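A.B. asks: This is the structure I want to talk about, given as structure tokens.
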Amino acid sequence: MNTRTALEALAQTANVISAAESVTAALQALRDGTTEDQWDQLCDNELLDALIAACMDLEDELED
């Protein structure tokens, strides 16, 4: 791998991390902005529950 390719890969990695941080910030805002009943209603929808679970997995990975 040459230097240019390595720098491009590093820049892409930084962009992915930045996007992941935006997702987890949006998840936290959703948590903060909903009541427990509203949160339960969101999680009752199978598609939203899967999305929320994936976001939570991403959040866990970023915290490690």
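Every chain in the structure tokens takes a letter, A first, then B, and so on in the order presented; its residues are numbered from 1, and the ligands are numbered from 1 following the presented order.
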If we count only C-alpha atoms, what is near region 18-35 of chain A at a cut-off of 8 Å, once residues fewer than 5 positions away on the same chain are taken out, given as JSON, numbers by chain?
C.D. replies: {"A": [52, 55, 56, 58, 59, 62]}
A.B. asks: With N, CA and C atoms retained, could you export that selection as a compact mmCIF listing (two decimals), in the first residue's frame?
C.D. replies:
```
# COMPACT_ATOMS: atom_id res chain seq x y z
N ILE A 52 -32.86 0.57 16.09
CA ILE A 52 -32.41 1.05 17.40
C ILE A 52 -31.36 0.09 17.97
N CYS A 55 -28.11 0.64 16.24
CA CYS A 55 -27.51 1.90 16.71
C CYS A 55 -26.89 1.71 18.09
N MET A 56 -27.56 0.94 18.94
CA MET A 56 -27.02 0.69 20.28
C MET A 56 -25.75 -0.15 20.20
N LEU A 58 -23.63 -0.10 17.72
CA LEU A 58 -22.63 0.86 17.26
C LEU A 58 -22.16 1.74 18.40
N GLU A 59 -23.09 2.19 19.21
CA GLU A 59 -22.76 3.00 20.37
C GLU A 59 -21.82 2.25 21.32
N LEU A 62 -18.28 2.15 19.91
CA LEU A 62 -17.57 3.43 20.00
C LEU A 62 -17.11 3.73 21.42
```
A.B. asks: One decimal, Å: what's the distance from CA of Asn45 (chain A) over to CA of Glu61 (chain A), could you say?
C.D. replies: 24.2 Å
A.B. asks: Report, in Å with one decimal, the straight-line distance from CA of Ile17 (chain A) to CA of Leu42 (chain A).
C.D. replies: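 If I compute the distance from CA of Ile17 (chain A) to CA of Leu42 (chain A), I get 26.0 Å.
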